[in-house]
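**Q** There's a structure below that I have some questions on.
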Amino acid sequence: MSRIRLRAALTAVAALLPVLALGLTLVSVTPPAAAAAVAPIRVMPLGDSITGSPGCWRAVLWNRLQSTGYTDVDFVGTLGPQGCGVPYDGDNEGHGGYLATNIANQNLLPGWLAATHPDVVLMHLGTNDVWSNIAPSTILAAYSKLVDQMRAANPATRMLVAKIIPMNPASCPECGQRTVALNAAIDGWVAGKTTAASPIVVVDQWTGFNTATDTYDGVHPNAAGDQKMSDRWYPALTAALRGTTPTTSPTPTPTSSPTPSQTPTGPTHPTDSPSPTPTVGGCTATWRIAGQWPGGFQAEVTVRNTGAVSIPSWVVRFALTGGQQITQAWSAQVAQGGTAVTARSATWNGALAPGAEATFGLLANGAVPNPPPLPACTLG
């Protein structure tokens with residue numbers, strides 16, 4: 001090769017070197033694709049009014065999870081919070097007055113699962129079945145159907161099933177022993193139903209729970225009861241969040257998480273400066289049938305503050321003129337005298353801001369009222 005051609009070739013190679021270097025640099029600094037964000041673990045609290053009306057143990061539990069580093073948790077459910085005095089993720093499936101047997105027989109759970117896609121289910125269910133004197137074997141058969149439906153929706157569902165808290169309502173002296181009978185059968189049922197892919201863990205909510213000091217009516221937990229329930233759920237739930245399974249039923253552990261107030265904060269105090277005379281508050285009440293069966297029904301009444309100022313409490317009155325008799329009520333103090341029914345707000349849901357709502361429920365024997373009652377709401 002002549003010197004002229006060699007010199008031209010070397011010149012061409014030298015000209016290409018910066019381009020090649022630039023290409024290498026561009027390749028070397030191109031960042032890899034960002035990793036997909038990890039989805040939060042979806043936890044469904046499933047139960048009746050103890051879980052959802054207002055079920056403030058969920059607020060205590062949620063805040064404890066947040067304060068101890070379990071921040072990638074999403075409580076899920078088709079129902080929202082009813083207010084517990086502290087911020088928290090209140091989504092749940094705590095349906096007041098519902099029976100485990102009715103949820104199973106009416107196939108209600110698949111729709112809730114399809115809407116929420118839980119990874120973990122906290123189930124405290126069966127109180128109303130016990131109240132209705134349904135045999136433990138029948139309740140456990142309903143549990144089995146619900147578990148099968150959970151696994152059909154998600155084969156890796158983890159379940160925490162409670163031995164339910166004690167009962168001592170004035171209208172059901174037998175309920176205490178019936179609760180003992182149901183709880184005594186749960187361990188054996190779990191042993192036959194749990195699997196490695198979809199484990200079930202028993203959470204003992206019964207031991208150490210005192211209806212005299214931990215409930216406000218012999219059935220529903222007060223602030224002390226909420227704390228106890230949260231303490232029982234916490235170790236089992238955190239184990240499930242870590243993907244491990246406790247070998248024994250968790251026992252309570254101390255906690256420093258905030259306890260929600262059962263009594264919402266009332267209206268603010270007026271200032272010393274002159275102000276106009278406050279507008280008188282007002283409220284309305286609406287009735288709806290939430291479920292029915294031969295010889296009985298479940299109803300819910302929603303109270304709404306329609307005034308321009310907060311109200312401290314409310315009273316709802318209506319008539320059941322067809323011989324219906326109320327057998328159970330929650331989220332209000334309900335009394336029946338003949339056909340007249342009076343419902344007074346509970347300590348935790350009486351104070352309503354303008355536009356705010358509260359709901360109470362009841363079970364009754366007899367035919368569904370037709371026409372429906374027209375409840376009247378007044379300030380308490």
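In the structure tokens, each chain is lettered A, B, ... as it comes, each chain's residues begin at 1, and ligands are numbered from 1 in order of appearance.
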Please, which residues in segment 30-84 of chain A fall within 10 Å of segment 358-368 of chain A when counting only C-alpha atoms, and what is the closest atom pair and distance in Å to one decimal for each, ordered by chain then residue number, as CSV?
**A**
residue,atom,partner,partner_atom,distance
A:Ser49,CA,A:Gly361,CA,9.1
A:Ser53,CA,A:Phe360,CA,8.1
A:Pro54,CA,A:Thr359,CA,9.8
A:Gln82,CA,A:Ala358,CA,7.3
A:Gly83,CA,A:Ala358,CA,9.3
**Q** Could you please take those selected residues and save all heavy atoms as a CSV table (one decimal), in the first residue's frame?
**A**
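Output saved as again09.csv:
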chain,number,residue,atom,x,y,z
A,49,SER,N,-71.2,-6.0,63.1
A,49,SER,CA,-71.1,-4.6,63.7
A,49,SER,C,-69.9,-4.5,64.6
A,49,SER,O,-69.4,-3.4,64.8
A,49,SER,CB,-72.4,-4.3,64.5
A,49,SER,OG,-72.6,-5.3,65.5
A,53,SER,N,-69.2,-1.2,62.9
A,53,SER,CA,-70.2,-0.2,63.4
A,53,SER,C,-69.9,0.3,64.8
A,53,SER,O,-70.6,0.1,65.7
A,53,SER,CB,-71.6,-0.7,63.4
A,53,SER,OG,-72.0,-1.1,62.1
A,54,PRO,N,-68.8,1.1,65.1
A,54,PRO,CA,-67.8,1.5,64.0
A,54,PRO,C,-66.6,0.6,64.0
A,54,PRO,O,-65.8,0.8,63.1
A,54,PRO,CB,-67.4,2.9,64.6
A,54,PRO,CG,-67.5,2.8,66.0
A,54,PRO,CD,-68.6,1.8,66.3
A,82,GLN,N,-66.9,4.8,59.8
A,82,GLN,CA,-67.9,5.6,60.5
A,82,GLN,C,-67.4,6.6,61.5
A,82,GLN,O,-68.2,7.2,62.2
A,82,GLN,CB,-68.9,4.6,61.2
A,82,GLN,CG,-69.7,3.8,60.2
A,82,GLN,CD,-71.0,3.2,60.8
A,82,GLN,OE1,-71.5,3.7,61.9
A,82,GLN,NE2,-71.6,2.2,60.2
A,83,GLY,N,-66.1,6.7,61.6
A,83,GLY,CA,-65.5,7.7,62.4
A,83,GLY,C,-65.1,7.2,63.8
A,83,GLY,O,-65.9,6.6,64.5
**Q** Taking only C-alpha atoms into account, name the residue in A:Asn102, A:Gln227, A:Thr215, A:Thr347 that is nearest to Asp129 of chain A.
**A**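 Of all the options, A:Asn102 lies closest to Asp129 of chain A.
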**Q** Here is a test: counting only C-alpha atoms, which residue of A:Ser345, A:Thr138, A:Gln328, A:Thr238 is nearest to Trp62 of chain A?
**A**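 Looking only at the distances to Trp62 of chain A, the closest residue turns out to be A:Thr238.
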**Q** Determine, counting only C-alpha atoms, which protein, DNA and RNA residues have an atom within 6 Å of an atom of Ile200 of chain A; residues of the same chain fewer than 3 positions away are not included. Present the result as a PDB file with C-alpha atoms, in the first residue's frame.
**A**
ATOM      1  CA  MET A 159     -56.894 -15.893  56.796  1.00  0.00           C
ATOM      2  CA  LEU A 160     -56.902 -14.857  60.439  1.00  0.00           C
ATOM      3  CA  THR A 194     -55.754 -24.785  56.667  1.00  0.00           C
TER       4      THR A 194
END
**Q** Please, which residues in segment 38-70 of chain A fall within 10 Å of segment 106-124 of chain A when counting only C-alpha atoms, and what is the closest atom pair and distance in Å to one decimal for each, ordered by chain then residue number, as a Markdown table?
**A**
| residue | atom | partner | partner_atom | distance |
| --- | --- | --- | --- | --- |
| A:Pro40 | CA | A:Asp119 | CA | 9.6 |
| A:Ile41 | CA | A:Asp119 | CA | 6.3 |
| A:Arg42 | CA | A:Pro118 | CA | 4.8 |
| A:Val43 | CA | A:Val120 | CA | 4.7 |
| A:Met44 | CA | A:Val121 | CA | 4.7 |
| A:Pro45 | CA | A:Leu122 | CA | 4.7 |
| A:Leu46 | CA | A:Met123 | CA | 4.7 |
| A:Gly47 | CA | A:His124 | CA | 5.1 |
| A:Asp48 | CA | A:His124 | CA | 7.6 |
| A:Ser49 | CA | A:His124 | CA | 9.9 |
| A:Ile50 | CA | A:His124 | CA | 7.9 |
| A:Thr51 | CA | A:His124 | CA | 7.1 |
**Q** If you run DSSP on this backbone, which residues of segment 69-167 of chain A come out as strand (DSSP E), and could you give them as a VMD selection string?
**A** chain A and resid 73 to 75 93 to 94 120 to 124 158 to 163
**Q** Kindly export the residues of the current selection with N, CA and C atoms, as a PDB file, in the first residue's frame.
**A**
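Below is the file result-v1.pdb, written as the result:
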ATOM      1  N   VAL A  73     -49.651  -1.262  53.607  1.00  0.00           N
ATOM      2  CA  VAL A  73     -50.874  -2.023  53.873  1.00  0.00           C
ATOM      3  C   VAL A  73     -52.072  -1.194  53.447  1.00  0.00           C
ATOM      4  N   ASP A  74     -53.003  -1.828  52.775  1.00  0.00           N
ATOM      5  CA  ASP A  74     -54.228  -1.169  52.327  1.00  0.00           C
ATOM      6  C   ASP A  74     -55.417  -1.940  52.885  1.00  0.00           C
ATOM      7  N   PHE A  75     -56.127  -1.369  53.866  1.00  0.00           N
ATOM      8  CA  PHE A  75     -57.361  -1.981  54.330  1.00  0.00           C
ATOM      9  C   PHE A  75     -58.413  -1.812  53.233  1.00  0.00           C
ATOM     10  N   GLU A  93     -65.423  -4.741  55.574  1.00  0.00           N
ATOM     11  CA  GLU A  93     -66.632  -5.523  55.283  1.00  0.00           C
ATOM     12  C   GLU A  93     -67.286  -5.919  56.606  1.00  0.00           C
ATOM     13  N   GLY A  94     -67.480  -4.957  57.487  1.00  0.00           N
ATOM     14  CA  GLY A  94     -68.153  -5.204  58.757  1.00  0.00           C
ATOM     15  C   GLY A  94     -69.614  -4.821  58.646  1.00  0.00           C
ATOM     16  N   VAL A 120     -55.110 -10.731  52.522  1.00  0.00           N
ATOM     17  CA  VAL A 120     -55.276 -11.215  53.883  1.00  0.00           C
ATOM     18  C   VAL A 120     -56.679 -10.855  54.355  1.00  0.00           C
ATOM     19  N   VAL A 121     -57.340 -11.775  55.057  1.00  0.00           N
ATOM     20  CA  VAL A 121     -58.678 -11.529  55.598  1.00  0.00           C
ATOM     21  C   VAL A 121     -58.634 -11.687  57.113  1.00  0.00           C
ATOM     22  N   LEU A 122     -59.113 -10.662  57.835  1.00  0.00           N
ATOM     23  CA  LEU A 122     -59.298 -10.740  59.277  1.00  0.00           C
ATOM     24  C   LEU A 122     -60.778 -10.998  59.527  1.00  0.00           C
ATOM     25  N   MET A 123     -61.140 -12.159  60.029  1.00  0.00           N
ATOM     26  CA  MET A 123     -62.551 -12.521  60.155  1.00  0.00           C
ATOM     27  C   MET A 123     -62.960 -12.682  61.614  1.00  0.00           C
ATOM     28  N   HIS A 124     -63.808 -11.796  62.085  1.00  0.00           N
ATOM     29  CA  HIS A 124     -64.463 -11.928  63.391  1.00  0.00           C
ATOM     30  C   HIS A 124     -65.954 -11.984  63.089  1.00  0.00           C
ATOM     31  N   ARG A 158     -54.459 -15.471  52.781  1.00  0.00           N
ATOM     32  CA  ARG A 158     -54.132 -15.794  54.168  1.00  0.00           C
ATOM     33  C   ARG A 158     -55.292 -15.334  55.040  1.00  0.00           C
ATOM     34  N   MET A 159     -55.724 -16.191  55.975  1.00  0.00           N
ATOM     35  CA  MET A 159     -56.894 -15.893  56.796  1.00  0.00           C
ATOM     36  C   MET A 159     -56.547 -15.923  58.272  1.00  0.00           C
ATOM     37  N   LEU A 160     -56.981 -14.897  58.984  1.00  0.00           N
ATOM     38  CA  LEU A 160     -56.902 -14.857  60.439  1.00  0.00           C
ATOM     39  C   LEU A 160     -58.332 -14.929  60.946  1.00  0.00           C
ATOM     40  N   VAL A 161     -58.672 -16.026  61.611  1.00  0.00           N
ATOM     41  CA  VAL A 161     -60.042 -16.275  62.060  1.00  0.00           C
ATOM     42  C   VAL A 161     -60.093 -16.159  63.572  1.00  0.00           C
ATOM     43  N   ALA A 162     -60.988 -15.325  64.072  1.00  0.00           N
ATOM     44  CA  ALA A 162     -61.049 -15.047  65.503  1.00  0.00           C
ATOM     45  C   ALA A 162     -61.921 -16.045  66.246  1.00  0.00           C
ATOM     46  N   LYS A 163     -61.463 -16.420  67.449  1.00  0.00           N
ATOM     47  CA  LYS A 163     -62.399 -16.891  68.462  1.00  0.00           C
ATOM     48  C   LYS A 163     -63.094 -15.633  68.964  1.00  0.00           C
TER      49      LYS A 163
END
**Q** Using DSSP secondary structure from the backbone, list all helix (DSSP H, G or I) positions within segment 112-198 of chain A, as a VMD selection string.
**A** chain A and resid 112 to 116 127 to 131 136 to 153 175 to 193
**Q** Using only C-alpha atoms, which residue out of A:Trp293, A:Tyr216, A:Glu300, A:Ala319 lies closest to Ala346 of chain A?
**A**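 Of A:Trp293, A:Tyr216, A:Glu300, A:Ala319, the one nearest Ala346 of chain A, counting only C-alpha atoms, is A:Tyr216.
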**Q** Between atom CA of Gly97 of chain A and atom CA of Leu241 of chain A, what is the distance, to one decimal in Å?
**A**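 That distance, rounded to one decimal, is 29.5 Å.
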**Q** Can you work out which one of A:Asp187, A:Asp148, A:Glu174, A:Asp214 has the shortest atom-to-atom distance to Val202 of chain A, counting only C-alpha atoms?
**A** A:Asp187
**Q** Atom CA of Thr78 of chain A and atom CA of Trp206 of chain A, how far apart in Å?
**A**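 The value is 27.1 Å.
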**Q** Pick from A:Ile139, A:Leu61, A:Ala212, A:Val219: nearest to Ala185 of chain A, with only C-alpha atoms counted?
**A**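 When distances to Ala185 of chain A are compared using only C-alpha atoms, the smallest one comes from A:Ile139.
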**Q** Any idea what's packed within 12 Å of Ser313 of chain A, counting only C-alpha atoms, ignoring anything in its chain fewer than 3 positions away? Could you give it as a PyMOL selection string?
**A** chain A and resi 263-267+281-283+303-305+310+316+332-333+343-353+357-358+377-380
**Q** Would you export the selected residues with N, CA and C atoms as a compact mmCIF listing (two decimals), in the first residue's frame, please?
**A**
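Here's the written file again17.txt:
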# COMPACT_ATOMS: atom_id res chain seq x y z
N THR A 263 -66.09 9.10 71.69
CA THR A 263 -66.96 10.26 71.70
C THR A 263 -66.35 11.34 70.84
N PRO A 264 -66.93 11.63 69.65
CA PRO A 264 -66.35 12.63 68.77
C PRO A 264 -66.31 14.00 69.45
N THR A 265 -65.34 14.80 69.03
CA THR A 265 -65.23 16.14 69.57
C THR A 265 -66.45 16.96 69.17
N GLY A 266 -66.99 17.71 70.08
CA GLY A 266 -68.20 18.51 69.83
C GLY A 266 -67.87 19.82 69.17
N PRO A 267 -68.87 20.69 69.03
CA PRO A 267 -68.67 21.97 68.38
C PRO A 267 -67.66 22.81 69.15
N GLY A 281 -79.99 23.69 64.72
CA GLY A 281 -79.69 22.55 63.88
C GLY A 281 -80.93 21.72 63.59
N GLY A 282 -80.82 20.85 62.62
CA GLY A 282 -81.93 19.97 62.25
C GLY A 282 -81.40 18.66 61.73
N CYS A 283 -82.24 17.63 61.71
CA CYS A 283 -81.81 16.34 61.22
C CYS A 283 -82.98 15.62 60.57
N VAL A 303 -79.24 8.74 59.79
CA VAL A 303 -79.53 10.07 60.32
C VAL A 303 -78.59 11.07 59.65
N ARG A 304 -79.12 12.19 59.21
CA ARG A 304 -78.32 13.21 58.53
C ARG A 304 -78.56 14.57 59.17
N ASN A 305 -77.49 15.29 59.45
CA ASN A 305 -77.59 16.66 59.95
C ASN A 305 -77.89 17.58 58.77
N SER A 310 -73.28 22.23 63.85
CA SER A 310 -73.13 20.88 64.39
C SER A 310 -74.22 20.61 65.42
N VAL A 316 -84.36 9.41 67.17
CA VAL A 316 -85.23 9.01 66.06
C VAL A 316 -86.40 8.21 66.62
N ALA A 332 -77.01 2.49 68.32
CA ALA A 332 -77.99 3.40 68.93
C ALA A 332 -78.59 2.68 70.13
N GLN A 333 -79.14 3.47 71.05
CA GLN A 333 -79.87 2.91 72.19
C GLN A 333 -81.34 2.85 71.80
N ALA A 343 -85.03 5.59 69.25
CA ALA A 343 -83.60 5.29 69.11
C ALA A 343 -82.81 6.55 69.43
N ARG A 344 -81.94 6.46 70.41
CA ARG A 344 -81.10 7.59 70.80
C ARG A 344 -79.66 7.32 70.38
N SER A 345 -78.97 8.36 69.95
CA SER A 345 -77.59 8.21 69.46
C SER A 345 -76.69 7.62 70.53
N ALA A 346 -75.70 6.87 70.08
CA ALA A 346 -74.68 6.36 70.99
C ALA A 346 -73.72 7.49 71.36
N THR A 347 -72.84 7.23 72.32
CA THR A 347 -71.92 8.28 72.75
C THR A 347 -70.96 8.70 71.66
N TRP A 348 -70.68 7.79 70.70
CA TRP A 348 -69.65 8.07 69.71
C TRP A 348 -70.20 8.56 68.37
N ASN A 349 -71.52 8.51 68.13
CA ASN A 349 -72.03 8.94 66.83
C ASN A 349 -73.13 9.99 66.93
N GLY A 350 -73.28 10.64 68.11
CA GLY A 350 -74.31 11.65 68.27
C GLY A 350 -73.94 12.98 67.68
N ALA A 351 -72.68 13.38 67.83
CA ALA A 351 -72.24 14.68 67.32
C ALA A 351 -72.04 14.60 65.81
N LEU A 352 -72.80 15.39 65.07
CA LEU A 352 -72.72 15.38 63.62
C LEU A 352 -72.49 16.79 63.10
N ALA A 353 -71.49 16.95 62.27
CA ALA A 353 -71.26 18.22 61.60
C ALA A 353 -72.32 18.43 60.52
N GLU A 357 -73.46 12.16 58.46
CA GLU A 357 -74.46 11.11 58.64
C GLU A 357 -73.99 10.08 59.67
N ALA A 358 -74.94 9.40 60.28
CA ALA A 358 -74.69 8.24 61.14
C ALA A 358 -75.77 7.21 60.84
N CYS A 377 -86.70 12.56 63.06
CA CYS A 377 -85.48 12.86 63.80
C CYS A 377 -85.60 14.19 64.49
N THR A 378 -85.21 14.22 65.75
CA THR A 378 -85.13 15.47 66.51
C THR A 378 -83.78 15.54 67.22
N LEU A 379 -83.41 16.72 67.67
CA LEU A 379 -82.15 16.88 68.38
C LEU A 379 -82.28 16.31 69.77
N GLY A 380 -81.21 15.63 70.23
CA GLY A 380 -81.25 15.03 71.55
C GLY A 380 -80.99 16.05 72.64
